[in-house]
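Data from run.cif: mmCIF, C-alpha atoms, pLDDT in the B column; chains and numbers go by the auth columns
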```
data_run
loop_
_atom_site.group_PDB
_atom_site.id
_atom_site.type_symbol
_atom_site.label_atom_id
_atom_site.label_comp_id
_atom_site.label_asym_id
_atom_site.label_seq_id
_atom_site.Cartn_x
_atom_site.Cartn_y
_atom_site.Cartn_z
_atom_site.B_iso_or_equiv
_atom_site.auth_seq_id
_atom_site.auth_asym_id
ATOM 1 C CA MET A 1 -17.543 -2.544 31.032 65.00 1 O
ATOM 2 C CA SER A 2 -16.755 -5.445 28.716 67.00 2 O
ATOM 3 C CA LYS A 3 -13.285 -6.107 27.429 71.00 3 O
ATOM 4 C CA PRO A 4 -12.811 -5.420 23.672 69.00 4 O
ATOM 5 C CA PRO A 5 -12.345 -8.509 21.486 71.00 5 O
ATOM 6 C CA LYS A 6 -8.764 -9.705 21.139 85.00 6 O
ATOM 7 C CA LEU A 7 -9.218 -10.689 17.490 93.00 7 O
ATOM 8 C CA LEU A 8 -10.323 -8.250 14.801 95.00 8 O
ATOM 9 C CA THR A 9 -11.780 -8.828 11.352 95.00 9 O
ATOM 10 C CA ILE A 10 -10.023 -7.479 8.282 96.00 10 O
ATOM 11 C CA GLY A 11 -12.722 -4.795 8.011 96.00 11 O
ATOM 12 C CA GLU A 12 -12.183 -3.682 11.603 96.00 12 O
ATOM 13 C CA VAL A 13 -8.405 -3.528 11.123 96.00 13 O
ATOM 14 C CA SER A 14 -8.841 -1.593 7.886 96.00 14 O
ATOM 15 C CA TYR A 15 -11.223 0.883 9.518 97.00 15 O
ATOM 16 C CA ARG A 16 -9.122 1.396 12.648 95.00 16 O
ATOM 17 C CA SER A 17 -5.761 1.619 10.857 95.00 17 O
ATOM 18 C CA GLY A 18 -6.794 3.473 7.704 95.00 18 O
ATOM 19 C CA VAL A 19 -5.048 0.779 5.640 96.00 19 O
ATOM 20 C CA ALA A 20 -7.031 -0.684 2.745 97.00 20 O
ATOM 21 C CA GLN A 21 -8.011 -4.341 2.973 97.00 21 O
ATOM 22 C CA THR A 22 -6.040 -5.057 -0.194 97.00 22 O
ATOM 23 C CA ALA A 23 -2.939 -3.571 1.451 97.00 23 O
ATOM 24 C CA LEU A 24 -3.529 -5.715 4.547 97.00 24 O
ATOM 25 C CA ARG A 25 -3.603 -8.834 2.381 97.00 25 O
ATOM 26 C CA PHE A 26 -0.457 -7.656 0.584 97.00 26 O
ATOM 27 C CA TYR A 27 1.335 -7.011 3.900 96.00 27 O
ATOM 28 C CA GLU A 28 0.305 -10.474 5.038 95.00 28 O
ATOM 29 C CA GLN A 29 1.738 -12.029 1.855 95.00 29 O
ATOM 30 C CA ARG A 30 5.001 -10.162 2.525 93.00 30 O
ATOM 31 C CA ASP A 31 5.038 -11.433 6.160 90.00 31 O
ATOM 32 C CA LEU A 32 4.819 -7.913 7.572 92.00 32 O
ATOM 33 C CA ILE A 33 1.691 -8.869 9.515 93.00 33 O
ATOM 34 C CA THR A 34 0.017 -12.165 10.352 91.00 34 O
ATOM 35 C CA ALA A 35 -3.554 -13.366 10.660 93.00 35 O
ATOM 36 C CA THR A 36 -5.186 -16.508 11.872 92.00 36 O
ATOM 37 C CA ARG A 37 -8.094 -18.165 10.095 93.00 37 O
ATOM 38 C CA THR A 38 -11.517 -19.095 11.390 91.00 38 O
ATOM 39 C CA SER A 39 -13.146 -22.420 10.570 92.00 39 O
ATOM 40 C CA GLY A 40 -14.853 -20.515 7.726 93.00 40 O
ATOM 41 C CA ASN A 41 -11.398 -19.370 6.438 92.00 41 O
ATOM 42 C CA GLN A 42 -11.929 -15.723 7.437 93.00 42 O
ATOM 43 C CA ARG A 43 -8.941 -13.684 8.562 94.00 43 O
ATOM 44 C CA ARG A 44 -8.674 -12.624 12.181 95.00 44 O
ATOM 45 C CA TYR A 45 -5.966 -10.273 13.371 95.00 45 O
ATOM 46 C CA ASP A 46 -4.634 -9.880 16.880 92.00 46 O
ATOM 47 C CA ARG A 47 -5.152 -6.336 18.208 90.00 47 O
ATOM 48 C CA THR A 48 -1.354 -5.852 18.248 88.00 48 O
ATOM 49 C CA VAL A 49 -1.466 -5.679 14.440 91.00 49 O
ATOM 50 C CA LEU A 50 -2.670 -2.075 14.786 92.00 50 O
ATOM 51 C CA ARG A 51 0.668 -1.074 16.341 87.00 51 O
ATOM 52 C CA ARG A 52 2.595 -2.984 13.666 89.00 52 O
ATOM 53 C CA LEU A 53 0.606 -1.174 10.971 92.00 53 O
ATOM 54 C CA ALA A 54 1.337 2.199 12.592 89.00 54 O
ATOM 55 C CA PHE A 55 5.003 1.197 12.625 86.00 55 O
ATOM 56 C CA ILE A 56 4.886 0.197 8.927 91.00 56 O
ATOM 57 C CA ARG A 57 3.200 3.451 7.894 92.00 57 O
ATOM 58 C CA ALA A 58 5.650 5.593 9.879 86.00 58 O
ATOM 59 C CA ALA A 59 8.608 3.759 8.341 86.00 59 O
ATOM 60 C CA GLN A 60 7.146 4.230 4.855 90.00 60 O
ATOM 61 C CA ARG A 61 6.718 7.958 5.504 88.00 61 O
ATOM 62 C CA VAL A 62 10.446 8.305 6.131 83.00 62 O
ATOM 63 C CA GLY A 63 11.098 6.568 2.823 86.00 63 O
ATOM 64 C CA LEU A 64 11.997 3.038 3.863 88.00 64 O
ATOM 65 C CA SER A 65 11.237 0.205 1.488 90.00 65 O
ATOM 66 C CA LEU A 66 9.000 -2.702 2.423 92.00 66 O
ATOM 67 C CA GLU A 67 12.096 -4.920 2.402 93.00 67 O
ATOM 68 C CA GLN A 68 13.775 -2.693 4.995 90.00 68 O
ATOM 69 C CA ILE A 69 10.600 -2.633 7.055 90.00 69 O
ATOM 70 C CA ALA A 70 10.303 -6.432 6.863 91.00 70 O
ATOM 71 C CA ASP A 71 13.927 -6.773 7.991 90.00 71 O
ATOM 72 C CA ALA A 72 13.232 -4.477 10.929 88.00 72 O
ATOM 73 C CA LEU A 73 10.028 -6.243 11.929 87.00 73 O
ATOM 74 C CA SER A 74 11.800 -9.606 11.756 87.00 74 O
ATOM 75 C CA THR A 75 14.000 -8.459 14.653 87.00 75 O
ATOM 76 C CA LEU A 76 10.954 -7.980 16.865 82.00 76 O
ATOM 77 C CA PRO A 77 9.175 -10.646 18.891 75.00 77 O
ATOM 78 C CA ALA A 78 6.146 -11.946 16.994 70.00 78 O
ATOM 79 C CA ASP A 79 4.033 -12.117 20.146 70.00 79 O
ATOM 80 C CA ARG A 80 3.823 -8.378 20.774 71.00 80 O
ATOM 81 C CA ALA A 81 3.511 -5.041 19.015 70.00 81 O
ATOM 82 C CA PRO A 82 6.577 -2.840 18.574 73.00 82 O
ATOM 83 C CA GLY A 83 6.878 -0.240 21.310 78.00 83 O
ATOM 84 C CA LYS A 84 8.734 3.008 21.867 84.00 84 O
ATOM 85 C CA ALA A 85 12.016 1.278 22.718 87.00 85 O
ATOM 86 C CA ASP A 86 11.770 -0.831 19.553 83.00 86 O
ATOM 87 C CA TRP A 87 11.121 2.217 17.389 79.00 87 O
ATOM 88 C CA SER A 88 14.002 4.082 19.020 85.00 88 O
ATOM 89 C CA ARG A 89 16.439 1.208 18.389 86.00 89 O
ATOM 90 C CA LEU A 90 15.339 0.754 14.781 83.00 90 O
ATOM 91 C CA SER A 91 15.264 4.452 13.973 81.00 91 O
ATOM 92 C CA ARG A 92 18.864 4.751 15.221 84.00 92 O
ATOM 93 C CA SER A 93 19.847 1.995 12.779 81.00 93 O
ATOM 94 C CA TRP A 94 18.271 3.954 9.911 83.00 94 O
ATOM 95 C CA ARG A 95 19.900 7.260 10.818 86.00 95 O
ATOM 96 C CA ASP A 96 22.946 6.894 8.529 85.00 96 O
ATOM 97 C CA GLU A 97 20.738 6.105 5.542 83.00 97 O
ATOM 98 C CA LEU A 98 18.460 9.048 6.262 85.00 98 O
ATOM 99 C CA ASP A 99 21.459 11.352 6.694 90.00 99 O
ATOM 100 C CA ALA A 100 22.774 10.198 3.284 88.00 100 O
ATOM 101 C CA ARG A 101 19.378 10.932 1.715 86.00 101 O
ATOM 102 C CA ILE A 102 19.349 14.389 3.276 89.00 102 O
ATOM 103 C CA GLU A 103 22.852 15.041 1.944 91.00 103 O
ATOM 104 C CA GLY A 104 21.765 13.872 -1.513 86.00 104 O
ATOM 105 C CA LEU A 105 18.740 16.169 -1.465 87.00 105 O
ATOM 106 C CA GLN A 106 20.910 19.086 -0.379 88.00 106 O
ATOM 107 C CA LYS A 107 23.296 18.398 -3.288 83.00 107 O
ATOM 108 C CA LEU A 108 20.330 18.215 -5.635 80.00 108 O
ATOM 109 C CA ARG A 109 19.029 21.536 -4.299 81.00 109 O
ATOM 110 C CA ASP A 110 22.447 23.178 -4.652 77.00 110 O
ATOM 111 C CA ASN A 111 22.944 21.829 -8.185 73.00 111 O
ATOM 112 C CA LEU A 112 19.464 22.925 -9.152 72.00 112 O
ATOM 113 C CA THR A 113 20.169 26.440 -7.935 65.00 113 O
ATOM 114 C CA GLY A 114 23.411 26.494 -9.934 62.00 114 O
ATOM 115 C CA CYS A 115 21.671 25.027 -12.964 61.00 115 O
ATOM 116 C CA ILE A 116 18.981 27.669 -12.931 57.00 116 O
ATOM 117 C CA ALA A 117 21.666 30.333 -12.665 56.00 117 O
ATOM 118 C CA CYS A 118 23.783 28.938 -15.511 59.00 118 O
ATOM 119 C CA GLY A 119 20.917 29.059 -18.001 57.00 119 O
ATOM 120 C CA CYS A 120 22.337 26.331 -20.252 59.00 120 O
ATOM 121 C CA LEU A 121 19.037 24.440 -20.468 56.00 121 O
ATOM 122 C CA SER A 122 20.916 21.534 -22.020 57.00 122 O
ATOM 123 C CA LEU A 123 20.357 17.969 -20.878 56.00 123 O
ATOM 124 C CA ARG A 124 23.496 16.963 -22.762 55.00 124 O
ATOM 125 C CA THR A 125 25.751 19.022 -20.501 57.00 125 O
ATOM 126 C CA CYS A 126 23.610 19.262 -17.360 61.00 126 O
ATOM 127 C CA ALA A 127 25.133 18.030 -14.098 60.00 127 O
ATOM 128 C CA LEU A 128 21.643 17.098 -12.894 60.00 128 O
ATOM 129 C CA ASN A 129 21.237 14.689 -15.797 59.00 129 O
ATOM 130 C CA ASN A 130 24.466 12.889 -14.923 56.00 130 O
ATOM 131 C CA PRO A 131 25.339 13.361 -11.249 59.00 131 O
ATOM 132 C CA ASP A 132 28.770 12.235 -10.054 60.00 132 O
ATOM 133 C CA ASP A 133 30.012 12.455 -13.633 59.00 133 O
ATOM 134 C CA ILE A 134 33.006 10.120 -13.950 61.00 134 O
ATOM 135 C CA ALA A 135 33.630 10.827 -17.646 64.00 135 O
ATOM 136 C CA MET A 136 33.705 14.629 -17.353 63.00 136 O
ATOM 137 C CA ASP A 137 37.505 14.954 -17.442 62.00 137 O
ATOM 138 C CA ARG A 138 37.778 12.879 -20.616 65.00 138 O
ATOM 139 C CA LEU A 139 34.569 13.604 -22.497 67.00 139 O
ATOM 140 C CA GLY A 140 33.206 16.847 -21.066 63.00 140 O
ATOM 141 C CA PRO A 141 30.443 17.455 -18.524 58.00 141 O
ATOM 142 C CA GLY A 142 27.078 15.755 -18.613 54.00 142 O
ATOM 143 C CA ARG A 143 27.981 12.780 -20.823 51.00 143 O
ATOM 144 C CA THR A 144 26.042 9.610 -20.120 53.00 144 O
ATOM 145 C CA LEU A 145 27.776 6.326 -20.812 55.00 145 O
ATOM 146 C CA LEU A 146 25.763 3.240 -21.651 51.00 146 O
ATOM 147 C CA GLN A 147 28.645 0.926 -20.801 50.00 147 O
ATOM 148 C CA PRO A 148 31.131 0.944 -17.915 52.00 148 O
ATOM 149 C CA ALA A 149 33.791 3.635 -18.133 49.00 149 O
ATOM 150 C CA ALA A 150 36.586 1.030 -18.422 51.00 150 O
ATOM 151 C CA ASP A 151 35.070 -0.223 -21.693 46.00 151 O
ATOM 152 C CA THR A 152 34.837 3.207 -23.397 45.00 152 O
ATOM 153 C CA ARG A 153 37.218 4.272 -26.096 45.00 153 O
#
```
Before anything else, please render the file you have as C-alpha coordinates.
Amino acid sequence: MSKPPKLLTIGEVSYRSGVAQTALRFYEQRDLITATRTSGNQRRYDRTVLRRLAFIRAAQRVGLSLEQIADALSTLPADRAPGKADWSRLSRSWRDELDARIEGLQKLRDNLTGCIACGCLSLRTCALNNPDDIAMDRLGPGRTLLQPAADTR
(Lines of atoms letter the chains of each structure in order from A and count residues from 1; the text may use other names and numbers.)
(Lines give C-alpha, C1' and ligand atoms only; values in the text may rest on other atoms or scores of the structure.)
Protein backbone atom coordinates (compact mmCIF):
# COMPACT_ATOMS: atom_id res chain seq x y z
CA MET A 1 0.00 0.00 0.00
CA SER A 2 1.39 3.40 -0.93
CA LYS A 3 1.88 6.14 1.60
CA PRO A 4 -0.54 9.11 1.24
CA PRO A 5 1.02 12.36 -0.01
CA LYS A 6 2.46 14.59 2.70
CA LEU A 7 1.34 17.78 0.95
CA LEU A 8 -2.27 18.52 0.06
CA THR A 9 -3.80 20.97 -2.39
CA ILE A 10 -6.21 23.63 -1.18
CA GLY A 11 -9.06 21.65 -2.75
CA GLU A 12 -8.07 18.48 -0.90
CA VAL A 13 -7.81 20.35 2.41
CA SER A 14 -11.17 22.01 1.80
CA TYR A 15 -12.82 18.69 0.97
CA ARG A 16 -11.30 16.78 3.89
CA SER A 17 -11.84 19.52 6.49
CA GLY A 18 -15.19 20.90 5.34
CA VAL A 19 -13.68 24.40 5.41
CA ALA A 20 -14.26 26.56 2.34
CA GLN A 21 -11.23 27.48 0.25
CA THR A 22 -11.91 31.16 0.91
CA ALA A 23 -11.80 30.47 4.66
CA LEU A 24 -8.51 28.59 4.23
CA ARG A 25 -7.00 31.61 2.49
CA PHE A 26 -8.38 33.87 5.23
CA TYR A 27 -6.92 31.64 7.97
CA GLU A 28 -3.60 31.72 6.16
CA GLN A 29 -3.67 35.54 6.04
CA ARG A 30 -4.35 35.55 9.80
CA ASP A 31 -1.42 33.13 10.39
CA LEU A 32 -3.70 30.44 11.79
CA ILE A 33 -2.43 27.98 9.19
CA THR A 34 0.50 27.97 6.77
CA ALA A 35 1.06 26.76 3.24
CA THR A 36 4.05 26.41 1.02
CA ARG A 37 4.05 27.35 -2.65
CA THR A 38 4.92 25.29 -5.69
CA SER A 39 7.03 26.66 -8.53
CA GLY A 40 3.68 27.50 -10.18
CA ASN A 41 2.64 29.48 -7.03
CA GLN A 42 -0.01 26.95 -5.98
CA ARG A 43 -0.65 26.41 -2.28
CA ARG A 44 0.35 23.13 -0.69
CA TYR A 45 -0.57 22.29 2.88
CA ASP A 46 1.12 19.82 5.18
CA ARG A 47 -1.27 17.06 6.30
CA THR A 48 -1.02 18.37 9.89
CA VAL A 49 -3.13 21.36 8.80
CA LEU A 50 -6.19 19.10 9.06
CA ARG A 51 -5.68 18.78 12.83
CA ARG A 52 -5.11 22.53 13.17
CA LEU A 53 -8.35 23.17 11.27
CA ALA A 54 -10.24 20.76 13.54
CA PHE A 55 -8.76 22.64 16.49
CA ILE A 56 -9.83 26.01 15.03
CA ARG A 57 -13.38 24.83 14.36
CA ALA A 58 -13.76 23.32 17.84
CA ALA A 59 -12.50 26.54 19.44
CA GLN A 60 -14.93 28.59 17.34
CA ARG A 61 -17.81 26.35 18.42
CA VAL A 62 -17.15 27.21 22.06
CA GLY A 63 -17.27 30.89 21.14
CA LEU A 64 -13.61 31.86 21.01
CA SER A 65 -12.57 34.66 18.70
CA LEU A 66 -10.02 34.18 15.94
CA GLU A 67 -7.64 36.38 17.94
CA GLN A 68 -7.90 34.03 20.93
CA ILE A 69 -7.44 31.03 18.67
CA ALA A 70 -4.38 32.64 17.03
CA ASP A 71 -2.91 33.34 20.48
CA ALA A 72 -3.46 29.71 21.45
CA LEU A 73 -2.00 28.32 18.24
CA SER A 74 1.04 30.57 18.62
CA THR A 75 1.93 28.64 21.78
CA LEU A 76 2.14 25.39 19.82
CA PRO A 77 5.13 24.12 17.86
CA ALA A 78 4.74 24.97 14.17
CA ASP A 79 6.14 21.61 13.07
CA ARG A 80 3.27 19.47 14.35
CA ALA A 81 -0.49 19.40 14.74
CA PRO A 82 -2.05 20.10 18.14
CA GLY A 83 -2.79 16.92 20.05
CA LYS A 84 -4.93 15.88 23.00
CA ALA A 85 -2.48 17.24 25.58
CA ASP A 86 -2.37 20.59 23.76
CA TRP A 87 -6.15 20.83 23.64
CA SER A 88 -6.40 19.90 27.32
CA ARG A 89 -3.89 22.60 28.34
CA LEU A 90 -5.54 25.27 26.20
CA SER A 91 -9.08 24.38 27.20
CA ARG A 92 -8.09 24.70 30.87
CA SER A 93 -6.85 28.23 30.13
CA TRP A 94 -10.23 29.11 28.61
CA ARG A 95 -12.28 27.68 31.46
CA ASP A 96 -12.63 30.93 33.44
CA GLU A 97 -13.86 32.79 30.37
CA LEU A 98 -16.36 30.06 29.54
CA ASP A 99 -17.57 29.98 33.15
CA ALA A 100 -18.12 33.77 33.00
CA ARG A 101 -20.12 33.36 29.77
CA ILE A 102 -22.24 30.65 31.37
CA GLU A 103 -22.88 32.90 34.37
CA GLY A 104 -23.84 35.75 32.05
CA LEU A 105 -26.26 33.53 30.14
CA GLN A 106 -27.80 32.33 33.39
CA LYS A 107 -28.31 35.95 34.50
CA LEU A 108 -29.85 36.73 31.13
CA ARG A 109 -32.19 33.74 31.48
CA ASP A 110 -33.17 34.74 35.02
CA ASN A 111 -33.76 38.38 34.03
CA LEU A 112 -35.77 37.30 31.02
CA THR A 113 -37.99 35.14 33.20
CA GLY A 114 -38.51 38.07 35.59
CA CYS A 115 -39.11 40.44 32.69
CA ILE A 116 -41.78 38.22 31.20
CA ALA A 117 -43.43 38.00 34.60
CA CYS A 118 -43.36 41.76 35.24
CA GLY A 119 -45.21 42.57 32.03
CA CYS A 120 -43.83 46.11 31.74
CA LEU A 121 -42.90 45.72 28.07
CA SER A 122 -40.93 48.95 28.32
CA LEU A 123 -37.44 49.26 26.90
CA ARG A 124 -37.02 52.49 28.86
CA THR A 125 -37.22 50.72 32.21
CA CYS A 126 -36.18 47.19 31.23
CA ALA A 127 -33.21 45.66 33.07
CA LEU A 128 -32.40 43.64 29.94
CA ASN A 129 -31.92 46.84 27.95
CA ASN A 130 -29.42 48.18 30.46
CA PRO A 131 -27.79 45.35 32.41
CA ASP A 132 -25.65 46.24 35.43
CA ASP A 133 -27.45 49.57 35.64
CA ILE A 134 -25.14 52.01 37.44
CA ALA A 135 -27.52 54.99 37.23
CA MET A 136 -30.57 53.21 38.69
CA ASP A 137 -30.24 54.69 42.19
CA ARG A 138 -30.07 58.25 40.85
CA LEU A 139 -32.19 58.17 37.70
CA GLY A 140 -34.42 55.11 37.99
CA PRO A 141 -34.10 51.67 36.42
CA GLY A 142 -33.28 51.07 32.79
CA ARG A 143 -31.75 54.47 31.97
CA THR A 144 -29.04 54.41 29.32
CA LEU A 145 -26.34 57.04 29.55
CA LEU A 146 -24.51 58.17 26.45
CA GLN A 147 -21.64 59.61 28.47
CA PRO A 148 -19.76 58.26 31.50
CA ALA A 149 -21.69 58.41 34.75
CA ALA A 150 -19.17 60.87 36.28
CA ASP A 151 -20.04 63.43 33.59
CA THR A 152 -23.84 63.31 34.10
CA ARG A 153 -25.72 66.04 35.87
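Each of O:Tyr45, O:Tyr27, O:Trp87, O:Tyr15 was checked against O:Leu66 using all atoms listed in the file; the smallest atom-to-atom distance is that of O:Tyr27.
Closest approach to O:Ala70 among O:Leu108, O:Leu7, O:Ala20, O:Leu53: O:Leu53, based on all atoms listed in the file.
For the pair atom CA of O:Arg95 and atom CA of O:Phe55, the interatomic distance is 16.2 Å.
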Exercise for review: Can you give me, as a VMD selection string, the residues this file yields under the PyMOL selection byres ((chain O and resi 34-41) around 12)?
Suggested key: chain O and resid 7 to 10 13 24 to 33 42 to 50 52 to 53 73 78 to 81
Study note, to complete from the structure: Using only C-alpha atoms, the best pick from O:Lys6, O:Leu64, O:Arg16, O:Arg57 as closest to O:Trp94 would be O:Leu64
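Reported to one decimal place, the separation of atom CA of O:Leu98 from atom CA of O:Ala59 is 11.4 Å.
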Centre and edge lengths of an axis-aligned box around all listed atoms of stretch 88-97 of chain O, with 4 Å added on each side, are to be given in Å to one decimal, as JSON.
```
{"center_x": 18.5, "center_y": 4.0, "center_z": 12.3, "size_x": 16.9, "size_y": 14.5, "size_z": 21.5}
```
Study note, to complete from the structure: From the list O:Ala58, O:Gly18, O:Asp110, O:Leu90, the nearest residue to O:Leu76 using all atoms listed in the file is O:Leu90
Point to revise | One-decimal distance in Å that lies between atom CA of O:Ala100 and atom CA of O:Lys84 | key: 24.4 Å
Review point. Which residue out of O:Asp71, O:Thr22, O:Ala54, O:Ser17 has the minimum interatomic distance to O:Gly83 when all atoms listed in the file are used?
Key: O:Ala54
